Amino acid sequence: MQDRVALVTGASRGIGRAIAADFAAEGAIVVGTGRHAATGLPAMAEIVAGGGRARFLEGDVADEARVQEIVATVLADHGRIDIMVNNAAIQREGRLAEQRTSDFHDVVNTNLLGTFLFCRAVLPAMVTQGSGVIINVSSVLGLVGDPVLPVYCATKAGILGLTRSIAIAYADRGVRAVGLCPGDVDTELNQQYFDSQPDPAAFRSRIEREYPVRRIATVEEIARVATFLASDDASFIAGTHVLVDGGILSRIYEV
């Protein structure tokens, strides 16, 4: 990872922030993106304060022109992009009949269109370099359904299809594409969801009991897997996905 240039979306907090920090700790030059400089700048500044190399570029992943600008800026400043992590994502809760068309577009634009736009933007440089790694953060919900997250599930499944297609199209040109599928993770957003329940502690405990390991993941655990996938140690992993789910997809009923 030393001196490799990594572009990470959704890097202001949660999984993206942890991935950016872990990459930097391994010697990478990190460019993190997010919608809000108010959260993104301090996140990258914390990495720099810890001895890492990182900067923040503000932008909406669904804004095609801004995506092009971000990629062009990174290439102008660093001459290459070695690692692309598409992590930015949102969700809208509600059963399908309750979902508004605007909810659909919001989730699809951020989760799926944003991933598509960044992949398309970095691929020419990676092909020219003859090397590159694209890590697209999906979810266990890209493999199963959820009654109140139908559009989120659809986008995360779509990300896996996109990842496989990129892999078979560009692997022979030195570009690896792989999906990363976490289960529940202890993030600020997840905690806000827990806190919205009538009994947050009981609700979180129930979720954790669903996992064979009896807990949810830390952001650092997800980040370590991303770092492995971005490294040369994972050079034969392409066109597939890696589950980091505490075993939850291995069960069909509670034991």
# chains A, B, ... in the order shown; residues from 1 in each chain; ligands from 1
$ residues_around --residues "A:Ser250" --least-positions-apart "4" --cutoff "10 Å" --atoms "only C-alpha atoms" --output "VMD selection string"
chain A and resid 211 to 212 245 to 246
$ write_last_selection --atoms "N, CA and C atoms" --output "short mmCIF file (atom, residue, chain, number, x, y, z; two decimals), in the first residue's frame"
data_model
loop_
_atom_site.label_atom_id
_atom_site.label_comp_id
_atom_site.auth_asym_id
_atom_site.auth_seq_id
_atom_site.Cartn_x
_atom_site.Cartn_y
_atom_site.Cartn_z
N TYR A 211 -26.88 -12.62 15.10
CA TYR A 211 -25.57 -13.00 14.56
C TYR A 211 -24.98 -14.16 15.34
N PRO A 212 -24.48 -15.19 14.66
CA PRO A 212 -23.84 -16.29 15.38
C PRO A 212 -22.72 -15.84 16.30
N ASP A 245 -19.71 -10.79 7.67
CA ASP A 245 -21.08 -10.76 8.20
C ASP A 245 -21.29 -11.51 9.51
N GLY A 246 -20.21 -11.89 10.17
CA GLY A 246 -20.37 -12.58 11.45
C GLY A 246 -21.16 -13.87 11.35
#
$ residues_around --residues "A:Ile19" --least-positions-apart "3" --cutoff "8 Å" --atoms "only C-alpha atoms" --output "compact mmCIF listing (two decimals) with C-alpha atoms, in the first residue's frame"
# COMPACT_ATOMS: atom_id res chain seq x y z
CA VAL A 8 -12.56 6.69 -1.10
CA ALA A 11 -15.09 9.01 3.76
CA ILE A 15 -16.95 2.60 7.20
CA GLY A 16 -15.50 5.03 4.66
CA ASP A 22 -6.51 2.17 7.58
CA PHE A 23 -5.21 2.80 4.07
CA GLU A 220 -12.20 -1.20 11.85
CA ILE A 222 -14.52 -3.87 7.77
CA ALA A 223 -11.62 -1.55 7.01
CA ARG A 224 -9.04 -4.28 7.56
CA ALA A 226 -10.83 -3.57 2.52
CA THR A 227 -7.11 -3.03 3.06
$ atom_distance --atom1 "atom CA of A:Ala121" --atom2 "atom CA of A:Phe56"
18.0 Å
$ residues_around --residues "A:Val31" --least-positions-apart "5" --cutoff "6 Å" --atoms "only C-alpha atoms" --output "PDB file with C-alpha atoms, in the first residue's frame"
ATOM      1  CA  LEU A   7      -9.843   7.457  -3.661  1.00  0.00           C
ATOM      2  CA  ALA A  54      -4.989  12.424   3.337  1.00  0.00           C
ATOM      3  CA  ARG A  55      -7.086  15.206   1.877  1.00  0.00           C
ATOM      4  CA  PHE A  56     -10.781  15.843   1.370  1.00  0.00           C
TER       5      PHE A  56
END
$ residues_around --residues "A:Ala72" --least-positions-apart "3" --cutoff "12 Å" --atoms "only C-alpha atoms" --output "PyMOL selection string"
chain A and resi 7+57+65-69+75-81+118+121-122+124-125
$ select_by_dssp --residues "stretch 7-249 of chain A" --states "strand (DSSP E)" --output "ChimeraX atom specification"
/A:7-8,29-34,53-58,83-86,132-137,175-182,241-244
$ write_last_selection --atoms "N, CA and C atoms" --output "CSV table (one decimal), in the first residue's frame"
chain,number,residue,atom,x,y,z
A,7,LEU,N,-8.7,6.6,-3.7
A,7,LEU,CA,-9.8,7.5,-3.7
A,7,LEU,C,-11.0,6.7,-3.0
A,8,VAL,N,-11.5,7.3,-1.9
A,8,VAL,CA,-12.6,6.7,-1.1
A,8,VAL,C,-13.8,7.6,-1.0
A,29,ILE,N,-1.6,7.1,0.0
A,29,ILE,CA,-2.1,8.5,-0.1
A,29,ILE,C,-3.6,8.5,-0.4
A,30,VAL,N,-4.3,9.1,0.6
A,30,VAL,CA,-5.8,8.9,0.5
A,30,VAL,C,-6.4,10.3,0.2
A,31,VAL,N,-7.4,10.2,-0.8
A,31,VAL,CA,-8.3,11.3,-1.1
A,31,VAL,C,-9.7,10.8,-0.7
A,32,GLY,N,-10.3,11.4,0.3
A,32,GLY,CA,-11.6,11.1,0.7
A,32,GLY,C,-12.6,12.1,0.2
A,33,THR,N,-13.8,11.6,-0.2
A,33,THR,CA,-14.9,12.5,-0.7
A,33,THR,C,-16.1,12.3,0.2
A,34,GLY,N,-16.9,13.4,0.1
A,34,GLY,CA,-18.2,13.4,0.9
A,34,GLY,C,-19.0,14.6,0.5
A,53,ARG,N,-1.3,10.5,5.2
A,53,ARG,CA,-1.4,11.4,4.1
A,53,ARG,C,-2.8,11.3,3.6
A,54,ALA,N,-3.6,12.4,3.7
A,54,ALA,CA,-5.0,12.4,3.3
A,54,ALA,C,-5.5,13.8,3.0
A,55,ARG,N,-6.4,13.9,2.2
A,55,ARG,CA,-7.1,15.2,1.9
A,55,ARG,C,-8.5,14.9,1.6
A,56,PHE,N,-9.3,16.0,1.6
A,56,PHE,CA,-10.8,15.8,1.4
A,56,PHE,C,-11.2,16.7,0.2
A,57,LEU,N,-12.1,16.1,-0.7
A,57,LEU,CA,-12.7,16.8,-1.8
A,57,LEU,C,-14.2,16.7,-1.6
A,58,GLU,N,-14.9,17.8,-1.6
A,58,GLU,CA,-16.3,17.8,-1.4
A,58,GLU,C,-17.0,17.5,-2.7
A,83,ILE,N,-6.3,2.8,-6.3
A,83,ILE,CA,-7.4,2.1,-5.5
A,83,ILE,C,-8.6,3.0,-5.6
A,84,MET,N,-9.7,2.5,-5.9
A,84,MET,CA,-11.0,3.2,-5.9
A,84,MET,C,-11.9,2.4,-4.9
A,85,VAL,N,-12.4,3.1,-3.9
A,85,VAL,CA,-13.4,2.5,-3.0
A,85,VAL,C,-14.7,3.2,-3.1
A,86,ASN,N,-15.7,2.6,-3.6
A,86,ASN,CA,-17.0,3.2,-3.7
A,86,ASN,C,-17.8,2.7,-2.5
A,132,GLY,N,-4.8,-1.5,-11.1
A,132,GLY,CA,-5.8,-0.8,-10.3
A,132,GLY,C,-6.7,-1.8,-9.6
A,133,VAL,N,-7.2,-1.3,-8.5
A,133,VAL,CA,-8.2,-2.1,-7.7
A,133,VAL,C,-9.4,-1.3,-7.4
A,134,ILE,N,-10.6,-1.8,-7.8
A,134,ILE,CA,-11.8,-1.2,-7.5
A,134,ILE,C,-12.6,-2.0,-6.4
A,135,ILE,N,-12.8,-1.4,-5.3
A,135,ILE,CA,-13.6,-2.1,-4.2
A,135,ILE,C,-14.9,-1.4,-4.1
A,136,ASN,N,-16.0,-2.2,-4.4
A,136,ASN,CA,-17.3,-1.6,-4.3
A,136,ASN,C,-18.0,-2.2,-3.1
A,137,VAL,N,-18.4,-1.3,-2.2
A,137,VAL,CA,-19.0,-1.7,-0.9
A,137,VAL,C,-20.5,-2.0,-1.2
A,175,VAL,N,-6.8,-4.6,-14.0
A,175,VAL,CA,-7.7,-4.0,-13.0
A,175,VAL,C,-8.5,-5.0,-12.4
A,176,ARG,N,-8.4,-5.1,-11.0
A,176,ARG,CA,-9.3,-6.0,-10.3
A,176,ARG,C,-10.5,-5.3,-9.7
A,177,ALA,N,-11.6,-5.9,-9.8
A,177,ALA,CA,-12.8,-5.3,-9.1
A,177,ALA,C,-13.4,-6.4,-8.2
A,178,VAL,N,-13.8,-6.0,-7.0
A,178,VAL,CA,-14.3,-6.9,-6.0
A,178,VAL,C,-15.3,-6.2,-5.2
A,179,GLY,N,-16.3,-7.0,-4.7
A,179,GLY,CA,-17.3,-6.4,-3.8
A,179,GLY,C,-17.1,-6.8,-2.4
A,180,LEU,N,-17.4,-5.9,-1.5
A,180,LEU,CA,-17.3,-6.1,-0.1
A,180,LEU,C,-18.7,-6.0,0.6
A,181,CYS,N,-19.1,-7.1,1.3
A,181,CYS,CA,-20.4,-7.2,1.8
A,181,CYS,C,-20.4,-7.3,3.3
A,182,PRO,N,-20.5,-6.1,4.0
A,182,PRO,CA,-20.6,-6.2,5.4
A,182,PRO,C,-22.1,-6.5,5.9
A,241,HIS,N,-17.3,-11.4,-4.4
A,241,HIS,CA,-17.6,-10.5,-3.2
A,241,HIS,C,-17.1,-11.3,-2.0
A,242,VAL,N,-16.7,-10.5,-1.0
A,242,VAL,CA,-16.3,-11.0,0.3
A,242,VAL,C,-17.3,-10.6,1.3
A,243,LEU,N,-17.8,-11.6,2.0
A,243,LEU,CA,-18.7,-11.4,3.1
A,243,LEU,C,-18.0,-11.1,4.4
A,244,VAL,N,-18.4,-10.1,5.1
A,244,VAL,CA,-17.9,-9.8,6.5
A,244,VAL,C,-19.1,-9.7,7.3
$ select_by_dssp --residues "stretch 32-222 of chain A" --states "helix (DSSP H, G or I)" --output "MDAnalysis selection string"
chainID A and resid 37:49 64:78 96:98 101:129 140:142 150:173 188:195 200:210 219:222
$ closest_residue --among "A:Asp199, A:Cys153, A:Leu160, A:Gly247" --to "A:Gly183" --atoms "only C-alpha atoms"
A:Gly247
$ residues_around --residues "A:Phe194" --least-positions-apart "3" --cutoff "7 Å" --atoms "only C-alpha atoms" --output "ChimeraX atom specification"
/A:190-191,197,200,203-204
$ closest_residue --among "A:Val74, A:Val185, A:Met126, A:Ile168" --to "A:Thr218" --atoms "only C-alpha atoms"
A:Val185
$ atom_distance --atom1 "atom CA of A:Gly10" --atom2 "atom CA of A:Ala89"
7.3 Å
$ residues_around --residues "A:Gly142" --least-positions-apart "5" --cutoff "7 Å" --atoms "only C-alpha atoms" --output "list in words"
Cys153, Ala154, Lys156 and Ala157 of chain A
$ decode --residues "stretch 150-186 of chain A" --atoms "N, CA and C atoms" --output "compact mmCIF listing (two decimals), in the first residue's frame"
# COMPACT_ATOMS: atom_id res chain seq x y z
N PRO A 150 -36.36 -2.12 0.44
CA PRO A 150 -36.37 -2.75 -0.88
C PRO A 150 -35.46 -2.08 -1.90
N VAL A 151 -35.42 -0.76 -1.91
CA VAL A 151 -34.60 -0.07 -2.90
C VAL A 151 -33.12 -0.19 -2.54
N TYR A 152 -32.81 -0.10 -1.26
CA TYR A 152 -31.43 -0.29 -0.81
C TYR A 152 -30.94 -1.67 -1.23
N CYS A 153 -31.76 -2.69 -1.01
CA CYS A 153 -31.38 -4.05 -1.42
C CYS A 153 -31.13 -4.13 -2.92
N ALA A 154 -32.00 -3.49 -3.69
CA ALA A 154 -31.85 -3.52 -5.14
C ALA A 154 -30.55 -2.87 -5.58
N THR A 155 -30.19 -1.76 -4.95
CA THR A 155 -28.95 -1.08 -5.34
C THR A 155 -27.73 -1.90 -4.95
N LYS A 156 -27.78 -2.52 -3.79
CA LYS A 156 -26.62 -3.29 -3.34
C LYS A 156 -26.45 -4.56 -4.18
N ALA A 157 -27.55 -5.14 -4.64
CA ALA A 157 -27.45 -6.26 -5.58
C ALA A 157 -26.90 -5.78 -6.92
N GLY A 158 -27.36 -4.61 -7.35
CA GLY A 158 -26.87 -4.04 -8.60
C GLY A 158 -25.38 -3.75 -8.57
N ILE A 159 -24.89 -3.31 -7.42
CA ILE A 159 -23.46 -3.05 -7.28
C ILE A 159 -22.65 -4.32 -7.50
N LEU A 160 -23.15 -5.44 -7.02
CA LEU A 160 -22.43 -6.70 -7.22
C LEU A 160 -22.42 -7.11 -8.68
N GLY A 161 -23.54 -6.90 -9.38
CA GLY A 161 -23.57 -7.19 -10.81
C GLY A 161 -22.62 -6.30 -11.58
N LEU A 162 -22.58 -5.03 -11.22
CA LEU A 162 -21.65 -4.09 -11.85
C LEU A 162 -20.21 -4.50 -11.60
N THR A 163 -19.92 -4.91 -10.38
CA THR A 163 -18.56 -5.31 -10.01
C THR A 163 -18.10 -6.51 -10.82
N ARG A 164 -18.95 -7.51 -10.94
CA ARG A 164 -18.59 -8.70 -11.72
C ARG A 164 -18.35 -8.33 -13.19
N SER A 165 -19.17 -7.46 -13.71
CA SER A 165 -19.03 -7.06 -15.11
C SER A 165 -17.73 -6.30 -15.35
N ILE A 166 -17.38 -5.41 -14.43
CA ILE A 166 -16.11 -4.69 -14.55
C ILE A 166 -14.95 -5.67 -14.50
N ALA A 167 -15.04 -6.63 -13.60
CA ALA A 167 -13.93 -7.59 -13.43
C ALA A 167 -13.65 -8.37 -14.71
N ILE A 168 -14.70 -8.89 -15.32
CA ILE A 168 -14.46 -9.72 -16.50
C ILE A 168 -14.07 -8.89 -17.72
N ALA A 169 -14.41 -7.60 -17.69
CA ALA A 169 -14.05 -6.73 -18.81
C ALA A 169 -12.63 -6.19 -18.70
N TYR A 170 -12.13 -6.04 -17.47
CA TYR A 170 -10.86 -5.32 -17.30
C TYR A 170 -9.78 -6.09 -16.55
N ALA A 171 -10.06 -7.30 -16.09
CA ALA A 171 -9.05 -8.05 -15.35
C ALA A 171 -7.81 -8.32 -16.19
N ASP A 172 -8.00 -8.56 -17.48
CA ASP A 172 -6.84 -8.84 -18.33
C ASP A 172 -6.03 -7.58 -18.64
N ARG A 173 -6.52 -6.43 -18.17
CA ARG A 173 -5.77 -5.18 -18.34
C ARG A 173 -5.19 -4.71 -17.00
N GLY A 174 -5.21 -5.60 -16.03
CA GLY A 174 -4.57 -5.31 -14.75
C GLY A 174 -5.46 -4.69 -13.70
N VAL A 175 -6.76 -4.60 -13.98
CA VAL A 175 -7.68 -3.97 -13.03
C VAL A 175 -8.53 -5.03 -12.35
N ARG A 176 -8.44 -5.08 -11.04
CA ARG A 176 -9.28 -6.00 -10.27
C ARG A 176 -10.49 -5.25 -9.72
N ALA A 177 -11.64 -5.90 -9.77
CA ALA A 177 -12.84 -5.35 -9.14
C ALA A 177 -13.42 -6.40 -8.22
N VAL A 178 -13.76 -5.99 -7.01
CA VAL A 178 -14.28 -6.93 -6.02
C VAL A 178 -15.32 -6.23 -5.15
N GLY A 179 -16.32 -6.99 -4.72
CA GLY A 179 -17.34 -6.45 -3.84
C GLY A 179 -17.05 -6.78 -2.39
N LEU A 180 -17.43 -5.88 -1.50
CA LEU A 180 -17.28 -6.08 -0.06
C LEU A 180 -18.66 -5.99 0.56
N CYS A 181 -19.06 -7.05 1.25
CA CYS A 181 -20.43 -7.16 1.77
C CYS A 181 -20.44 -7.27 3.29
N PRO A 182 -20.53 -6.14 3.99
CA PRO A 182 -20.64 -6.20 5.45
C PRO A 182 -22.06 -6.54 5.89
N GLY A 183 -22.15 -7.09 7.10
CA GLY A 183 -23.43 -7.17 7.78
C GLY A 183 -23.64 -5.88 8.55
N ASP A 184 -24.38 -5.95 9.65
CA ASP A 184 -24.57 -4.75 10.47
C ASP A 184 -23.23 -4.30 11.06
N VAL A 185 -23.03 -3.00 11.07
CA VAL A 185 -21.77 -2.43 11.54
C VAL A 185 -22.09 -1.33 12.56
N ASP A 186 -21.24 -1.20 13.55
CA ASP A 186 -21.45 -0.22 14.62
C ASP A 186 -21.02 1.16 14.13
